[in-house]
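K.L.:
One structure, as structure tokens, below. Some questions next.
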Protein chains: 4
Amino acid sequence: MPIHHPAGTPPFNIIRMSHVELGVTDLAASRKFYTEILGMIETEQVGDSIYLRGLEERNHHSIILTQTAVPQALRLGFKVASEADLDRMAATFSEKGEPLTWAEPHGQGRSLRLRDPFGMPLEFCYEFAQAERMLQQYGAYRGCHPQRIDHFNCFTPNVQASHDFWALEMGFRTTEYTVSEDADPQLWAVWMHRKGNIHDMAFTNGTGPRLHHVALWVPTAMHIIHLCDLMSTTGYLSNMERGPGRHGISNAFFLYVRDPDGHRIEIYTSDYLTVDPDLEPIEWQLRDPQRQTLWGAPAPKSWFEEGSLFAGVPVQPPVLAAQPIIAP
Amino acid sequence: MPIHHPAGTPPFNIIRMSHVELGVTDLAASRKFYTEILGMIETEQVGDSIYLRGLEERNHHSIILTQTAVPQALRLGFKVASEADLDRMAATFSEKGEPLTWAEPHGQGRSLRLRDPFGMPLEFCYEFAQAERMLQQYGAYRGCHPQRIDHFNCFTPNVQASHDFWALEMGFRTTEYTVSEDADPQLWAVWMHRKGNIHDMAFTNGTGPRLHHVALWVPTAMHIIHLCDLMSTTGYLSNMERGPGRHGISNAFFLYVRDPDGHRIEIYTSDYLTVDPDLEPIEWQLRDPQRQTLWGAPAPKSWFEEGSLFAGVPVQPPVLAAQPIIAP
Amino acid sequence: MPIHHPAGTPPFNIIRMSHVELGVTDLAASRKFYTEILGMIETEQVGDSIYLRGLEERNHHSIILTQTAVPQALRLGFKVASEADLDRMAATFSEKGEPLTWAEPHGQGRSLRLRDPFGMPLEFCYEFAQAERMLQQYGAYRGCHPQRIDHFNCFTPNVQASHDFWALEMGFRTTEYTVSEDADPQLWAVWMHRKGNIHDMAFTNGTGPRLHHVALWVPTAMHIIHLCDLMSTTGYLSNMERGPGRHGISNAFFLYVRDPDGHRIEIYTSDYLTVDPDLEPIEWQLRDPQRQTLWGAPAPKSWFEEGSLFAGVPVQPPVLAAQPIIAP
Amino acid sequence: MPIHHPAGTPPFNIIRMSHVELGVTDLAASRKFYTEILGMIETEQVGDSIYLRGLEERNHHSIILTQTAVPQALRLGFKVASEADLDRMAATFSEKGEPLTWAEPHGQGRSLRLRDPFGMPLEFCYEFAQAERMLQQYGAYRGCHPQRIDHFNCFTPNVQASHDFWALEMGFRTTEYTVSEDADPQLWAVWMHRKGNIHDMAFTNGTGPRLHHVALWVPTAMHIIHLCDLMSTTGYLSNMERGPGRHGISNAFFLYVRDPDGHRIEIYTSDYLTVDPDLEPIEWQLRDPQRQTLWGAPAPKSWFEEGSLFAGVPVQPPVLAAQPIIAP
């Protein structure tokens, strides 16, 4: 059984994934896409970075767009339960000999930075500068009415190893997972959470580490349909990659779009509550087409192959050989 | 039986209700309400008039807002099938000795003006200047996504007389109607159409003639719920008069709002097709609370009592005595 | 200019398309699909035929399923404005020497049967037996809440010839059309109506005559999404052929499903009002991918190639050579 | 400042509210209401009790209906993080001298029962028998598609005392609260959670303890509108008490209905995520009409006055004098 329950571990409490910094090559083009089209709220611009948040979010930012020479993912951020959790986390990883650094990025309190086993740049903090809640300022609603950031999904060369790290060392719980069709089934993809829905972090087998997508939570499928209409008639037709549809895994209604630099954003709604510690993870077979889309429609090739590189992090080929992901 | 079927009459073909001119006392305040909040498209401003249309409408205007000293309804407009229909209509009413005039209002071809039996200012035309269709320019969508004008609803002092005029002389067909609870039931309200849905024109017993409301058609109930959220958090809370709810009559999902001058606008969706000439009108009893709201919620007093005066047209008390409209 | 406006013609008034008879090979399987999954109301079974109607429909039937040895389309039905229209229609086609017959099918008054230029079996009648309106019996709502039949779409070997017949001899008006990319553009597909929305009848270039699909009108996109969820988890996954999506042409939100015999049903909503006689038809280019799906997703091959044969009617290859319908 | 943050307390971990037992006087009538109308799934009937769950729920039950002579609330249930939490909870309350008992109710593991300061019957357990997840069996969806139980709302004679108990002794965090208009503002109502949305438990000033309502979470407002249509046309019109509408507090879209015994059920959706420990509670003023309904519509008198008695628990008048709840 490849899925570990993190009972009793670790000595710190990660509340949820909370923010991401993306390197973009044209800040103005990205601002337009994230605010006018998707509907994120701009908190402020500081230097070469734009700080964005969802309609319900009171933390200063959940997406940071920073001007860089090439598109890249810069850091994956998580919120912990208290300042003391940061110290316990630092102590835990120091003991293991992991390199870690402290930072105070704009809009955040002190933040602990470290790497996952494959080099993904992680950042943990407790405190955020506070911004106005826009949830009941409906005059500010645009695009697909994004309420909050929901999760990360990453390619990893070794899903089992990534799962083990996030389950045993970080305390994430698995809600659903896919196994390969071998005589000896291997973990192919896994959805793991801290905050009580399907996932804060998911991993899929592939050349990695790479960021597959960041997800924004929206209230209903109707908001996703409106985004399709909006993007397809405002010059963003080619940025629509996959969907809308219903995932078998998670039961979520989804749309995948690409930002002007190709970073993939999932617009996501209607999964389910997973706070029960004894919730049994759901197993899916790799060959079941309904795991990807309950309605049977295949995902495009780009969706399986493309992802954002983490700045300065080399990638490795996956340990599991490529398999036919979808029936032709 | 008080409902007349207009078989064989009249010698002209009214296609649908098509436009209305409302006198407003603060053009800037009205523009903001109709465009930013409701989401109508502004075609242009000419002098003291703003010309508005819905997202699917290609005719130059469906609502005209004109600066006037006091709030008032200026004309109720209808589209006929051809220029020849205008001439046949003029001949028909001339023969009856009715006063009629011709005009060429901005954005329209020649237009025939006459009065209904209670003095309501009516205007008929065939030709409109054409404007760009915005239906597939989703970037221009705002507010409740109003697609088109749908109907007028008017107070009349004599519903039977109004019905007879619009059925027998204008060729409107009745889809639903309310009768009073007398031993000798009287027509209390009537919904009449030309275009193939529940109504182009409705009449209710009351001091009149007055314009009760103009309706805008929107795609779904979700757009109406969003308008509620929008109005209630952008300073228009007191402009929300009734709803949202489901009418028993028409099955429509509705919201009634008041514009800055108190003109009542219904946001309306989900009625049914009525093009069959043999469609049997549906009778409702005045005491049935579900005729007004399928879900049983009463309408406020203002909804029964208030309406827009037609410029210069004196009102008369209703011929049917007031009855308890709703159970207390 | 290939589009004809039927001004002044013909001497009879077709109100709308109204019913269809489909030959099915397993009546029980078809009943289950149309009532439990789609949500049609069963009026009654008589002999080997099941009579179905939508939730708002008061006519006895809009879809008739009849047990036959092989799947086939048996008749396309239309409602006229009066009994006299039937006589005028009979006189008109008799004068032209067209063979025509009268019938009194179950649940209908006398019905005139004739053929279009390619042999499609047409039926016209005025009177239907009446059935209970279920629109406000929400306890009877199932599936996608189908309110009414909306339109036919047929393959024809000669779109121009089909258009000319339905425009000039039947009085249908064109709302939208596709032209080929030639130096001399040819009509490739056409959407034509009588009832005041996008179409009662559409034609596409292809081996024909064949019935491409029958459409059911539903209130909102949400009902279509629910049907996707329902079909994909109740054994009908392989019956989902295309969508959900937004058509560029018509702006309709759609889903195409196949019934147990392969007859194609479109679930359809959110087009626009077309009652204005001077509404300018909208031209689309064959190579524009957004004409088919505003969001850019291609239709599957089966959607372009498969259709229901009309019983006993031979098909012809299309006069226009095949063109790349969609970019690969 | 009347709101306490439960940092560091208590030594046990309540995951969420999880189940309720309601005494009903006609089991058949209640079953029909909860399954056919609301759409709950029946797990089984054992003796005089029916066990119900929502579509996503895998625990054996979230609502238990038990035949009793008079309508009453029998127990409010909560799930803890582990068996050890139950023991720590028992130890904690034993030390305080609180009477507590153990039970093994059908479908649950061992369950700790105790009383809150006003005598409300509470039950805590970790283990539930598991039932099939129906979330992706869309053929079983009925009514408003209830996915899970969401929260309790209770009248208490002393909101401050109830808040203090649930915050300091139970570890609940406050998300929103209402204060009276005094020179010395008092806590009038409070919304408190464990699971990461607005509330697991809310308290309102009034004669108590009484159960004001139990809430079911549904995916979207459209499902609530359908329930209105369904209830109003299947004999449950008088069971619709308030709404649909948008709460200012919580931003939830709501409908309040009464079951056949008068127990109040809220149908609830679209609040927001509250897992951040430093989320600042939102303060509302008692006189602000938008706190109750963002759109301004008042609640009926019954909604302020009526609630379900807890079996055998005497009620007390509220310590805060009645105040005008809503503007006339």
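Residues are referred to by chain and number: the chain letter is A, B, ... according to the order shown in the structure tokens, the number counts from 1 in that chain, and ligands are numbered separately from 1 in the order shown.
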For chain A, which residues have at least one atom within 10 Å of chain B, if we go by only C-alpha atoms? Write them as a PyMOL selection string, please.

P.N.:
chain A and resi 36-37+136-143+222-223+226-234

K.L.:
Please provide as number ranges by chain all residues within 7 Å of range 274-287 of chain A, with the sequence filter that same-chain residues fewer than 2 positions apart are discarded (counting only C-alpha atoms).

P.N.:
A: 174-181, 196-198, 272, 289, 291, 325-326; D: 15, 81, 195

K.L.:
Between CA of Ile64 in chain D and CA of Ile50 in chain D, measure the distance and give it in Å to one decimal.

P.N.:
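Answer for the CA of Ile64 in chain D to CA of Ile50 in chain D separation: 5.7 Å.
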
K.L.:
For the structure I just gave you, how does DSSP split range 26-127 of chain A - specifically, which residues are alpha helix (DSSP H)? Reply as a VMD selection string.

P.N.:
chain A and resid 27 to 31 83 to 95

K.L.:
Just the residues within 12 Å of Glu56 in chain D, please, counting only C-alpha atoms, with nothing from its chain fewer than 4 positions along; format it as number ranges by chain.

P.N.:
A: 250-251, 270-274, 279; D: 40-41, 52, 60-62, 130-138, 140-141, 145-149, 216-219

K.L.:
Can you list every residue in range 84-279 of chain C that DSSP puts in strand (DSSP E), as a PyMOL selection string?

P.N.:
chain C and resi 101-103+111-115+121-125+148-156+173-179+187-193+201-205+210-217+240-246+253-258+264-269

K.L.:
Can you list, as a list in words, every protein, DNA or RNA residue that comes within 8 Å of Arg115 in chain B when you count only C-alpha atoms, leaving out same-chain residues fewer than 6 positions away?

P.N.:
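Close residues of Arg115 in chain B: Pro99, Leu100, Pro121 and Leu122 of chain B.
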
K.L.:
May I have the residues from that selection written out with C-alpha atoms, as a short mmCIF file (atom, residue, chain, number, x, y, z; two decimals), in the first residue's frame?

P.N.:
```cif
data_model
loop_
_atom_site.label_atom_id
_atom_site.label_comp_id
_atom_site.auth_asym_id
_atom_site.auth_seq_id
_atom_site.Cartn_x
_atom_site.Cartn_y
_atom_site.Cartn_z
CA PRO B 99 -56.00 61.36 -34.15
CA LEU B 100 -52.59 60.18 -35.35
CA PRO B 121 -48.69 57.39 -26.04
CA LEU B 122 -47.95 54.64 -28.58
#
```

K.L.:
What's around Gly307 in chain A at 7 Å? Count only C-alpha atoms, leave out sequence neighbours fewer than 6 positions away in its own chain, and write the answer as a PyMOL selection string.

P.N.:
chain A and resi 210-212

K.L.:
Out of A:Val190, A:Leu112, A:Leu38, A:Ala311, which residue has the shortest atom-to-atom distance to Gln72 in chain A when counting only C-alpha atoms?

P.N.:
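Ranked by minimum distance to Gln72 in chain A, first place goes to A:Ala311.
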
K.L.:
As a list of chain:residue names, please: the residues near Gln160 in chain D (cut-off 9 Å, only C-alpha atoms, same-chain neighbours under 3 positions excluded).

P.N.:
D:Pro2, D:Ile3, D:His163, D:Asp164, D:Phe165, D:Gln186, D:Leu187, D:Trp188, D:Ala189, D:Val190

K.L.:
Determine the nearest neighbour of Ser238 in chain C from the options A:Ala297, A:Ala183, A:Leu255, A:Met201, counting only C-alpha atoms.

P.N.:
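Closest residue, counting only C-alpha atoms: A:Ala297.
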
K.L.:
Taking 3 positions as the minimum chain separation for residues in the same chain, which residues sit within 10 Å of Pro317 in chain B when counting only C-alpha atoms? Answer as a ChimeraX atom specification.

P.N.:
/B:156-158,205-209,320-321
